[in-house]
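Here is entry23.tsv, consisting of TSV, C-alpha atoms:
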chain	number	residue	atom	x	y	z
D	269	MET	CA	127.92	34.92	48.31
D	270	PRO	CA	129.82	35.49	51.59
D	271	LYS	CA	130.24	32.69	54.10
D	272	VAL	CA	128.22	32.56	57.31
D	273	PHE	CA	128.31	30.67	60.59
D	274	ASN	CA	125.96	27.68	60.45
D	275	THR	CA	124.09	25.92	63.26
D	276	THR	CA	121.50	23.98	61.26
D	277	ALA	CA	122.02	20.81	59.24
D	278	VAL	CA	125.33	19.99	57.59
D	279	CYS	CA	128.15	22.52	57.23
D	280	ILE	CA	129.42	23.08	53.69
D	281	PRO	CA	132.98	24.45	53.34
D	282	LYS	CA	132.10	26.77	50.44
D	283	GLU	CA	129.20	28.31	52.35
D	284	HIS	CA	130.06	28.17	56.04
D	285	TYR	CA	132.87	29.04	58.41
D	286	MET	CA	134.18	25.72	59.72
D	287	VAL	CA	136.98	24.35	61.84
D	288	ASN	CA	139.73	22.51	59.97
D	289	LEU	CA	138.80	18.80	60.00
D	290	ASP	CA	141.91	17.46	58.28
D	291	GLU	CA	143.58	15.94	61.35
D	292	ARG	CA	140.30	14.38	62.47
D	293	LEU	CA	139.74	12.87	59.03
D	294	LYS	CA	143.26	11.43	58.97
D	295	LYS	CA	142.63	9.65	62.26
D	296	ILE	CA	139.28	8.25	61.11
D	297	LYS	CA	140.88	7.05	57.86
D	298	VAL	CA	143.22	4.85	59.90
D	299	PHE	CA	140.14	2.93	61.07
D	300	VAL	CA	138.99	2.58	57.47
D	301	ASP	CA	142.40	1.57	56.14
D	302	THR	CA	142.64	-1.22	58.71
D	303	GLY	CA	139.18	-2.53	57.83
D	304	LYS	CA	137.37	-1.60	61.01
D	305	TYR	CA	133.62	-1.59	61.58
D	306	PHE	CA	132.76	1.17	64.04
D	307	THR	CA	130.09	3.55	65.31
D	308	ILE	CA	130.28	7.32	65.71
D	309	ASN	CA	127.77	8.11	68.41
D	310	ARG	CA	127.55	11.62	69.80
D	311	ALA	CA	124.83	13.95	71.06
D	312	ARG	CA	122.67	16.02	68.74
D	313	GLN	CA	124.35	18.88	66.87
D	314	TYR	CA	127.81	17.51	67.54
D	315	GLY	CA	128.92	17.56	63.93
D	316	LYS	CA	128.45	13.88	63.07
D	317	THR	CA	126.82	14.49	59.70
D	318	THR	CA	129.30	17.21	58.80
D	319	THR	CA	132.17	14.88	59.67
D	320	LEU	CA	130.68	12.06	57.57
D	321	ARG	CA	130.19	14.41	54.62
D	322	ALA	CA	133.81	15.53	54.84
D	323	LEU	CA	134.96	11.92	55.23
D	324	TYR	CA	132.98	10.94	52.13
D	325	LEU	CA	135.03	13.39	50.06
D	326	TYR	CA	138.28	12.61	51.88
D	327	LEU	CA	138.13	8.88	51.06
D	328	GLN	CA	137.17	9.27	47.42
D	329	GLY	CA	140.64	8.75	45.99
D	330	GLU	CA	141.19	5.28	47.46
D	331	TYR	CA	137.68	3.96	47.99
D	332	TYR	CA	134.18	3.90	46.61
D	333	VAL	CA	132.12	5.38	49.43
D	334	VAL	CA	128.45	4.50	49.76
D	335	SER	CA	126.84	7.12	51.99
D	336	MET	CA	123.28	6.52	53.22
D	337	ASP	CA	120.93	8.11	55.74
D	338	PHE	CA	118.34	5.99	57.54
D	339	GLN	CA	116.24	9.08	58.20
D	340	THR	CA	115.30	8.93	54.52
D	341	PHE	CA	113.80	5.49	55.16
D	342	GLY	CA	110.17	5.75	56.28
D	343	SER	CA	108.54	3.28	58.63
D	344	ALA	CA	107.17	1.43	55.62
D	345	GLU	CA	110.72	0.48	54.57
D	346	PHE	CA	111.11	-1.48	57.80
D	347	GLN	CA	107.81	-3.35	57.66
D	348	THR	CA	109.25	-6.55	56.22
D	349	GLU	CA	112.63	-8.01	55.36
D	350	THR	CA	111.82	-7.94	51.65
D	351	ILE	CA	110.75	-4.28	51.60
D	352	PHE	CA	113.81	-3.25	53.55
D	353	SER	CA	116.18	-5.29	51.37
D	354	ARG	CA	114.83	-3.68	48.21
D	355	SER	CA	114.90	-0.17	49.68
D	356	PHE	CA	118.42	-0.63	50.98
D	357	ALA	CA	119.63	-2.09	47.67
D	358	ASN	CA	118.10	0.78	45.72
D	359	SER	CA	119.72	3.42	47.95
D	360	PHE	CA	123.01	1.54	47.88
D	361	LEU	CA	123.09	1.49	44.08
D	362	ARG	CA	122.16	5.16	43.77
D	363	SER	CA	124.94	6.15	46.17
D	364	LEU	CA	127.52	3.86	44.56
D	365	LYS	CA	126.80	5.41	41.15
D	366	ARG	CA	127.60	8.87	42.53
D	367	ASN	CA	131.21	7.72	42.80
D	368	PRO	CA	133.44	7.87	39.71
D	369	VAL	CA	133.03	4.10	39.35
D	370	ASN	CA	135.12	2.18	36.82
D	371	LYS	CA	132.31	0.01	35.48
D	372	THR	CA	133.96	-3.15	34.23
D	373	GLU	CA	131.87	-5.86	32.62
D	374	GLN	CA	131.91	-7.87	35.84
D	375	LEU	CA	130.85	-4.92	37.97
D	376	ASN	CA	128.08	-4.03	35.53
D	377	GLU	CA	126.77	-7.59	35.77
D	378	ALA	CA	126.85	-7.60	39.58
D	379	MET	CA	125.07	-4.24	39.80
D	380	ALA	CA	122.53	-5.35	37.19
D	381	GLN	CA	121.72	-8.43	39.27
D	382	LEU	CA	121.05	-6.28	42.32
D	383	GLU	CA	118.89	-3.94	40.22
D	384	LYS	CA	116.93	-6.97	39.04
D	385	SER	CA	116.29	-7.99	42.65
D	386	VAL	CA	115.02	-4.48	43.41
D	387	ALA	CA	112.66	-4.59	40.43
D	388	SER	CA	111.29	-8.09	41.14
D	389	GLN	CA	108.34	-7.00	43.26
D	390	ASN	CA	106.71	-10.42	43.40
D	391	ASP	CA	109.69	-12.31	44.83
D	392	PHE	CA	110.85	-12.67	48.42
D	393	PHE	CA	114.14	-10.84	48.85
D	394	ALA	CA	115.86	-11.94	52.04
D	395	LEU	CA	118.60	-10.07	53.85
D	396	LYS	CA	120.88	-13.03	53.23
D	397	ALA	CA	120.36	-12.70	49.48
D	398	LEU	CA	120.90	-8.94	49.71
D	399	PHE	CA	124.25	-9.37	51.41
D	400	GLU	CA	125.32	-12.09	49.01
D	401	GLN	CA	124.73	-9.70	46.12
D	402	LEU	CA	126.45	-6.83	47.93
D	403	GLY	CA	129.39	-9.18	48.43
D	404	ASP	CA	129.40	-9.96	44.70
D	405	ILE	CA	129.72	-6.24	43.98
D	406	CYS	CA	132.56	-5.90	46.50
D	407	ALA	CA	134.31	-8.86	44.87
D	408	VAL	CA	134.52	-7.33	41.39
D	409	SER	CA	134.97	-3.66	42.35
D	410	ASP	CA	138.38	-2.25	41.41
D	411	LYS	CA	138.41	-0.25	44.66
D	412	PRO	CA	137.40	-1.31	48.19
D	413	ILE	CA	133.91	-0.15	49.15
D	414	VAL	CA	133.20	1.74	52.38
D	415	LEU	CA	129.63	1.80	53.73
D	416	MET	CA	128.55	4.80	55.81
D	417	ILE	CA	125.07	5.06	57.33
D	418	ASP	CA	123.99	8.22	59.16
D	419	GLU	CA	121.11	8.45	61.67
D	420	VAL	CA	121.27	4.69	61.99
D	421	ASP	CA	119.68	4.69	65.44
D	422	SER	CA	116.43	6.05	64.01
D	423	ALA	CA	115.64	2.40	63.23
D	424	SER	CA	117.16	0.84	66.35
D	425	ASN	CA	113.87	-0.42	67.79
D	426	ASN	CA	112.99	-2.30	64.64
D	427	GLN	CA	113.33	-6.06	64.24
D	428	VAL	CA	114.42	-5.80	60.61
D	429	PHE	CA	117.17	-3.36	61.57
D	430	LEU	CA	118.52	-5.75	64.19
D	431	ASP	CA	118.49	-8.55	61.63
D	432	PHE	CA	120.37	-6.20	59.29
D	433	LEU	CA	123.06	-5.68	61.96
D	434	ALA	CA	123.30	-9.43	62.41
D	435	GLN	CA	123.92	-9.87	58.68
D	436	LEU	CA	126.62	-7.18	58.75
D	437	ARG	CA	128.23	-9.06	61.61
D	438	ALA	CA	128.05	-12.39	59.81
D	439	GLN	CA	129.57	-10.94	56.65
D	440	TYR	CA	132.38	-9.33	58.63
D	441	MET	CA	133.16	-12.58	60.44
D	442	GLU	CA	133.65	-14.32	57.09
D	443	ARG	CA	135.62	-11.53	55.40
D	444	ASP	CA	138.67	-13.78	54.94
D	445	ILE	CA	136.56	-16.12	52.77
D	446	TYR	CA	133.86	-13.95	51.19
D	447	PRO	CA	134.32	-10.39	49.87
D	448	THR	CA	132.71	-7.62	51.88
D	449	PHE	CA	132.98	-3.91	52.62
D	450	ARG	CA	136.40	-2.58	53.52
D	451	SER	CA	134.86	-0.70	56.43
D	452	VAL	CA	131.42	0.06	57.84
D	453	ILE	CA	130.68	3.28	59.72
D	454	LEU	CA	127.39	3.79	61.54
D	455	ALA	CA	126.57	7.21	63.01
D	456	GLY	CA	123.86	8.24	65.44
D	457	VAL	CA	123.07	9.56	68.89
D	458	TYR	CA	123.01	6.14	70.52
D	459	ASP	CA	125.66	3.43	70.32
D	460	VAL	CA	123.99	0.56	68.48
D	461	LYS	CA	126.77	-1.86	69.40
D	462	ASN	CA	125.25	-1.94	72.88
D	463	LEU	CA	121.89	-3.25	71.63
D	464	ARG	CA	120.93	-6.51	73.28
D	465	GLY	CA	117.17	-7.04	73.26
D	466	LYS	CA	114.99	-8.10	70.36
D	467	ILE	CA	111.20	-8.08	70.61
D	468	ARG	CA	109.42	-10.94	68.92
D	469	PRO	CA	105.79	-10.78	67.78
D	470	GLU	CA	104.79	-12.69	70.89
D	471	ASP	CA	106.55	-10.07	73.02
D	472	GLU	CA	109.23	-12.49	74.15
D	473	HIS	CA	112.76	-11.20	74.44
D	474	ARG	CA	116.00	-12.80	73.45
D	475	TYR	CA	119.42	-11.35	73.96
D	476	ASN	CA	122.28	-11.20	71.49
D	477	SER	CA	125.05	-8.93	70.27
D	478	PRO	CA	124.27	-8.09	66.65
D	479	TRP	CA	127.05	-5.51	66.49
D	480	ASN	CA	129.74	-6.75	68.87
D	481	ILE	CA	132.28	-6.58	66.05
D	482	ALA	CA	132.45	-2.79	66.37
D	483	VAL	CA	135.73	-1.37	67.65
D	484	ASP	CA	135.74	1.45	70.19
D	485	PHE	CA	135.74	4.90	68.61
D	486	GLN	CA	137.11	7.16	71.32
D	487	MET	CA	138.02	10.19	69.22
D	488	ASP	CA	137.18	13.51	70.84
D	489	MET	CA	134.90	15.31	68.38
D	490	SER	CA	134.57	18.47	70.42
D	491	PHE	CA	136.52	21.55	69.35
D	492	ASP	CA	139.70	22.53	71.16
D	493	CYS	CA	141.08	26.06	71.20
D	494	GLU	CA	143.10	25.50	68.03
D	495	ASP	CA	140.00	24.24	66.21
D	496	ILE	CA	138.06	27.35	67.18
D	497	GLU	CA	141.02	29.50	66.18
D	498	SER	CA	141.05	27.96	62.69
D	499	MET	CA	137.42	28.99	62.18
D	500	LEU	CA	137.92	32.49	63.58
D	501	LYS	CA	141.04	33.02	61.46
D	502	GLU	CA	139.04	32.31	58.33
D	503	TYR	CA	136.38	34.80	59.45
D	504	GLU	CA	139.01	37.38	60.38
D	505	SER	CA	140.78	37.07	57.02
D	506	GLU	CA	137.56	38.17	55.32
D	507	HIS	CA	136.22	40.75	57.78
D	508	ARG	CA	139.37	42.30	59.26
D	509	THR	CA	137.81	43.03	62.64
D	510	GLY	CA	141.13	43.24	64.46
D	511	MET	CA	140.01	40.66	67.04
D	512	HIS	CA	142.60	38.82	69.12
D	513	VAL	CA	141.78	35.41	67.65
D	514	GLN	CA	143.61	33.33	70.24
D	515	ASP	CA	142.01	35.17	73.17
D	516	ILE	CA	138.49	35.01	71.73
D	517	ALA	CA	138.90	31.31	70.94
D	518	ARG	CA	139.96	30.63	74.53
D	519	ILE	CA	136.99	32.54	75.98
D	520	ILE	CA	134.52	30.70	73.73
D	521	TYR	CA	136.11	27.37	74.64
D	522	ASP	CA	135.95	28.14	78.36
D	523	TYR	CA	132.19	28.72	78.15
D	524	THR	CA	131.35	25.83	75.81
D	525	SER	CA	133.96	23.11	76.47
D	526	GLY	CA	134.17	22.93	72.69
D	527	TYR	CA	130.63	21.66	72.06
D	528	PRO	CA	130.39	22.30	68.29
D	529	TYR	CA	126.87	23.72	68.26
D	530	LEU	CA	127.51	26.10	71.14
D	531	VAL	CA	130.76	27.32	69.58
D	532	SER	CA	129.14	28.02	66.23
D	533	ARG	CA	126.03	29.55	67.76
D	534	ILE	CA	128.01	32.04	69.85
D	535	CYS	CA	129.97	33.07	66.77
D	536	GLN	CA	126.76	33.33	64.77
D	537	ILE	CA	125.11	35.57	67.37
D	538	ILE	CA	128.13	37.85	67.52
D	539	ASP	CA	128.26	38.15	63.75
D	540	GLU	CA	124.53	38.54	63.10
D	541	ARG	CA	123.09	40.14	66.24
D	542	ILE	CA	125.75	41.71	68.45
D	543	ALA	CA	127.66	43.70	65.85
D	544	GLY	CA	125.87	46.96	65.19
D	545	ILE	CA	123.63	47.18	68.27
D	546	LYS	CA	123.88	50.20	70.56
D	547	GLU	CA	126.39	48.70	72.99
D	548	PHE	CA	128.61	47.47	70.15
D	549	GLY	CA	128.67	50.02	67.40
D	550	ASN	CA	130.83	48.09	64.97
D	551	VAL	CA	132.11	44.62	64.17
D	552	SER	CA	135.46	45.22	65.88
D	553	SER	CA	133.89	45.98	69.25
D	554	ALA	CA	131.63	42.94	68.96
D	555	TRP	CA	134.53	40.48	68.70
D	556	THR	CA	135.75	41.12	72.24
D	557	LYS	CA	135.26	39.42	75.58
D	558	GLU	CA	132.28	41.69	76.20
D	559	GLY	CA	130.78	40.70	72.86
D	560	VAL	CA	131.19	37.01	73.64
D	561	LEU	CA	129.51	37.43	77.03
D	562	ALA	CA	126.63	39.33	75.42
D	563	ALA	CA	126.20	36.51	72.91
D	564	ILE	CA	126.16	33.93	75.70
D	565	LYS	CA	123.36	35.83	77.47
D	566	ILE	CA	121.28	35.75	74.29
D	567	LEU	CA	122.05	32.06	73.78
D	568	LEU	CA	120.93	31.13	77.29
D	569	LYS	CA	117.63	32.93	76.88
D	570	GLU	CA	116.64	31.58	73.47
D	571	PRO	CA	114.72	28.31	73.13
D	572	ASN	CA	116.46	25.56	71.20
D	573	THR	CA	116.05	21.81	70.87
D	574	LEU	CA	119.51	21.12	72.29
D	575	PHE	CA	118.67	22.74	75.63
D	576	ASP	CA	115.17	21.27	75.63

If you took the structure in this file and wrote it as structure tokens, what would it be?
Amino acid sequence: MPKVFNTTAVCIPKEHYMVNLDERLKKIKVFVDTGKYFTINRARQYGKTTTLRALYLYLQGEYYVVSMDFQTFGSAEFQTETIFSRSFANSFLRSLKRNPVNKTEQLNEAMAQLEKSVASQNDFFALKALFEQLGDICAVSDKPIVLMIDEVDSASNNQVFLDFLAQLRAQYMERDIYPTFRSVILAGVYDVKNLRGKIRPEDEHRYNSPWNIAVDFQMDMSFDCEDIESMLKEYESEHRTGMHVQDIARIIYDYTSGYPYLVSRICQIIDERIAGIKEFGNVSSAWTKEGVLAAIKILLKEPNTLFD
């Protein structure tokens, strides 16, 4: 099946034309290698999930990577501390097992204890107990464990979530004494390290910094001209349109400032809608400045959630 340009959900290298993420992944790995806790917060359709998916594979050789998505947690999972702890533990174990884990006797015992806590429906399961058992797993794992949580801000108004952040902070602060994750990466639209207010049942507020351990993540995740070129070169190698890749990449960048969705959408419109219409009789004539401008006109007229 031939590759296509993708503007919905995660991009998959075998299915979609993508920019080369290797340099970006190398830079993010430096944060992981040095044991940083950090947040990747960017606007919608900025490639956060695609970057996390690529990072998951990129880190596999040196780490066990536990990748979770808080969008898969319904509101019921955040009703109480016990429900959340069990749901989180269950998702954690399922993700950990997707790694090629070397299950030693000690690791099997630590994972079995966490599974027992998930199954014990009649017992209170506090966040503190959850993190103690997660720490036990980190202690006996033959590789450092990296925790990645996508769409983390979908739970940012929830008391249990804020308590969860506080436990992450406490565990990080004691990392020289008690085993913990090598690195924690939270991704979302909003920067959760700026959270301050907590709403109590009596509607009182108290202020704290449950995630003030997070380091600044200033990496530019937009596409530059070279990034766009790498995607167009892959397309050109398969379709042989004769386009001037460098020139087309520059034009697309000038109109999008490298916003990943806009870049991919313009390319998608050219490939799927511009090529073959009356004004552009073939693929070669579509991948020109005129074709890019025609695609931009279509893009500006169509409704999409990003513009809304």

Exercise. Between D:Val420, D:Ala543, D:Met511, D:Cys493, single out the one closest to Val457 (chain D), counting only C-alpha atoms.
Key: D:Val420

Exercise. Around the point (110.7, 3.0, 57.7), in the coordinates given by the file, pick out the residues reaching within 12 Å, counting all atoms listed in the file, and return them as a ChimeraX atom specification.
Key: /D:337-349,351-353,355-356,420-429

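The two atoms in question, CA of Lys569 (chain D) and CA of Ser525 (chain D), are spaced 19.1 Å apart.
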
Per residue of region 431-522 of chain D within 12 Å of region 549-562 of chain D, note the shortest atom pair and the distance in Å to one decimal, counting only C-alpha atoms, and order the rows by chain and increasing residue number, as a Markdown table.
| residue | atom | partner | partner_atom | distance |
| --- | --- | --- | --- | --- |
| D:Leu500 | CA | D:Trp555 | CA | 10.1 |
| D:Tyr503 | CA | D:Trp555 | CA | 11.0 |
| D:Glu504 | CA | D:Trp555 | CA | 9.9 |
| D:His507 | CA | D:Val551 | CA | 8.5 |
| D:Arg508 | CA | D:Ser552 | CA | 8.2 |
| D:Thr509 | CA | D:Ser552 | CA | 4.6 |
| D:Gly510 | CA | D:Ser552 | CA | 6.2 |
| D:Met511 | CA | D:Trp555 | CA | 5.7 |
| D:His512 | CA | D:Thr556 | CA | 7.9 |
| D:Val513 | CA | D:Trp555 | CA | 8.9 |
| D:Gln514 | CA | D:Thr556 | CA | 11.2 |
| D:Asp515 | CA | D:Lys557 | CA | 8.3 |
| D:Ile516 | CA | D:Lys557 | CA | 6.7 |
| D:Ala517 | CA | D:Val560 | CA | 10.0 |
| D:Arg518 | CA | D:Lys557 | CA | 10.0 |
| D:Ile519 | CA | D:Lys557 | CA | 7.1 |
| D:Ile520 | CA | D:Val560 | CA | 7.1 |
| D:Tyr521 | CA | D:Val560 | CA | 10.9 |
| D:Asp522 | CA | D:Val560 | CA | 11.1 |

Could you please take those selected residues and save C-alpha atoms as a PDB file, keeping the file's coordinate frame?
ATOM      1  CA  LEU D 500     137.920  32.490  63.580  1.00  0.00           C
ATOM      2  CA  TYR D 503     136.380  34.800  59.450  1.00  0.00           C
ATOM      3  CA  GLU D 504     139.010  37.380  60.380  1.00  0.00           C
ATOM      4  CA  HIS D 507     136.220  40.750  57.780  1.00  0.00           C
ATOM      5  CA  ARG D 508     139.370  42.300  59.260  1.00  0.00           C
ATOM      6  CA  THR D 509     137.810  43.030  62.640  1.00  0.00           C
ATOM      7  CA  GLY D 510     141.130  43.240  64.460  1.00  0.00           C
ATOM      8  CA  MET D 511     140.010  40.660  67.040  1.00  0.00           C
ATOM      9  CA  HIS D 512     142.600  38.820  69.120  1.00  0.00           C
ATOM     10  CA  VAL D 513     141.780  35.410  67.650  1.00  0.00           C
ATOM     11  CA  GLN D 514     143.610  33.330  70.240  1.00  0.00           C
ATOM     12  CA  ASP D 515     142.010  35.170  73.170  1.00  0.00           C
ATOM     13  CA  ILE D 516     138.490  35.010  71.730  1.00  0.00           C
ATOM     14  CA  ALA D 517     138.900  31.310  70.940  1.00  0.00           C
ATOM     15  CA  ARG D 518     139.960  30.630  74.530  1.00  0.00           C
ATOM     16  CA  ILE D 519     136.990  32.540  75.980  1.00  0.00           C
ATOM     17  CA  ILE D 520     134.520  30.700  73.730  1.00  0.00           C
ATOM     18  CA  TYR D 521     136.110  27.370  74.640  1.00  0.00           C
ATOM     19  CA  ASP D 522     135.950  28.140  78.360  1.00  0.00           C
TER      20      ASP D 522
END

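When CA of Asp495 (chain D) is paired with CA of Met416 (chain D), their separation reads 24.8 Å.
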
What would the list of residues within 12 Å of (134.4, 9.2, 40.3) (file frame) look like as a JSON list (two decimals) with C-alpha atoms, in the frame of the given file, if all atoms listed in the file are what count?
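Result file selection.json:
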[["chain", "number", "residue", "atom", "x", "y", "z"],
["D", 325, "LEU", "CA", 135.03, 13.39, 50.06],
["D", 327, "LEU", "CA", 138.13, 8.88, 51.06],
["D", 328, "GLN", "CA", 137.17, 9.27, 47.42],
["D", 329, "GLY", "CA", 140.64, 8.75, 45.99],
["D", 330, "GLU", "CA", 141.19, 5.28, 47.46],
["D", 331, "TYR", "CA", 137.68, 3.96, 47.99],
["D", 332, "TYR", "CA", 134.18, 3.90, 46.61],
["D", 333, "VAL", "CA", 132.12, 5.38, 49.43],
["D", 363, "SER", "CA", 124.94, 6.15, 46.17],
["D", 364, "LEU", "CA", 127.52, 3.86, 44.56],
["D", 365, "LYS", "CA", 126.80, 5.41, 41.15],
["D", 366, "ARG", "CA", 127.60, 8.87, 42.53],
["D", 367, "ASN", "CA", 131.21, 7.72, 42.80],
["D", 368, "PRO", "CA", 133.44, 7.87, 39.71],
["D", 369, "VAL", "CA", 133.03, 4.10, 39.35],
["D", 370, "ASN", "CA", 135.12, 2.18, 36.82],
["D", 371, "LYS", "CA", 132.31, 0.01, 35.48],
["D", 411, "LYS", "CA", 138.41, -0.25, 44.66]]

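If you look at CA of Val414 (chain D) and CA of Arg310 (chain D), they are 20.8 Å away from each other.
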
Can you check which parts of region 504-551 of chain D lie within 8 Å of region 271-295 of chain D? Per residue, the shortest pair of atoms and distance in Å to one decimal, counting all atoms listed in the file, sorted by chain and number, as JSON lines.
{"residue": "D:Tyr529", "atom": "CA", "partner": "D:Thr275", "partner_atom": "CA", "distance": 6.1}
{"residue": "D:Ser532", "atom": "CA", "partner": "D:Thr275", "partner_atom": "CA", "distance": 6.2}
{"residue": "D:Arg533", "atom": "CA", "partner": "D:Thr275", "partner_atom": "CA", "distance": 6.1}
{"residue": "D:Cys535", "atom": "CA", "partner": "D:Phe273", "partner_atom": "CA", "distance": 6.8}
{"residue": "D:Gln536", "atom": "CA", "partner": "D:Phe273", "partner_atom": "CA", "distance": 5.2}

Expected file contents, prior selection, C-alpha atoms, as a tab-separated table (two decimals), in the frame of the given file:
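Written output follows (out_14.tsv):
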chain	number	residue	atom	x	y	z
D	529	TYR	CA	126.87	23.72	68.26
D	532	SER	CA	129.14	28.02	66.23
D	533	ARG	CA	126.03	29.55	67.76
D	535	CYS	CA	129.97	33.07	66.77
D	536	GLN	CA	126.76	33.33	64.77
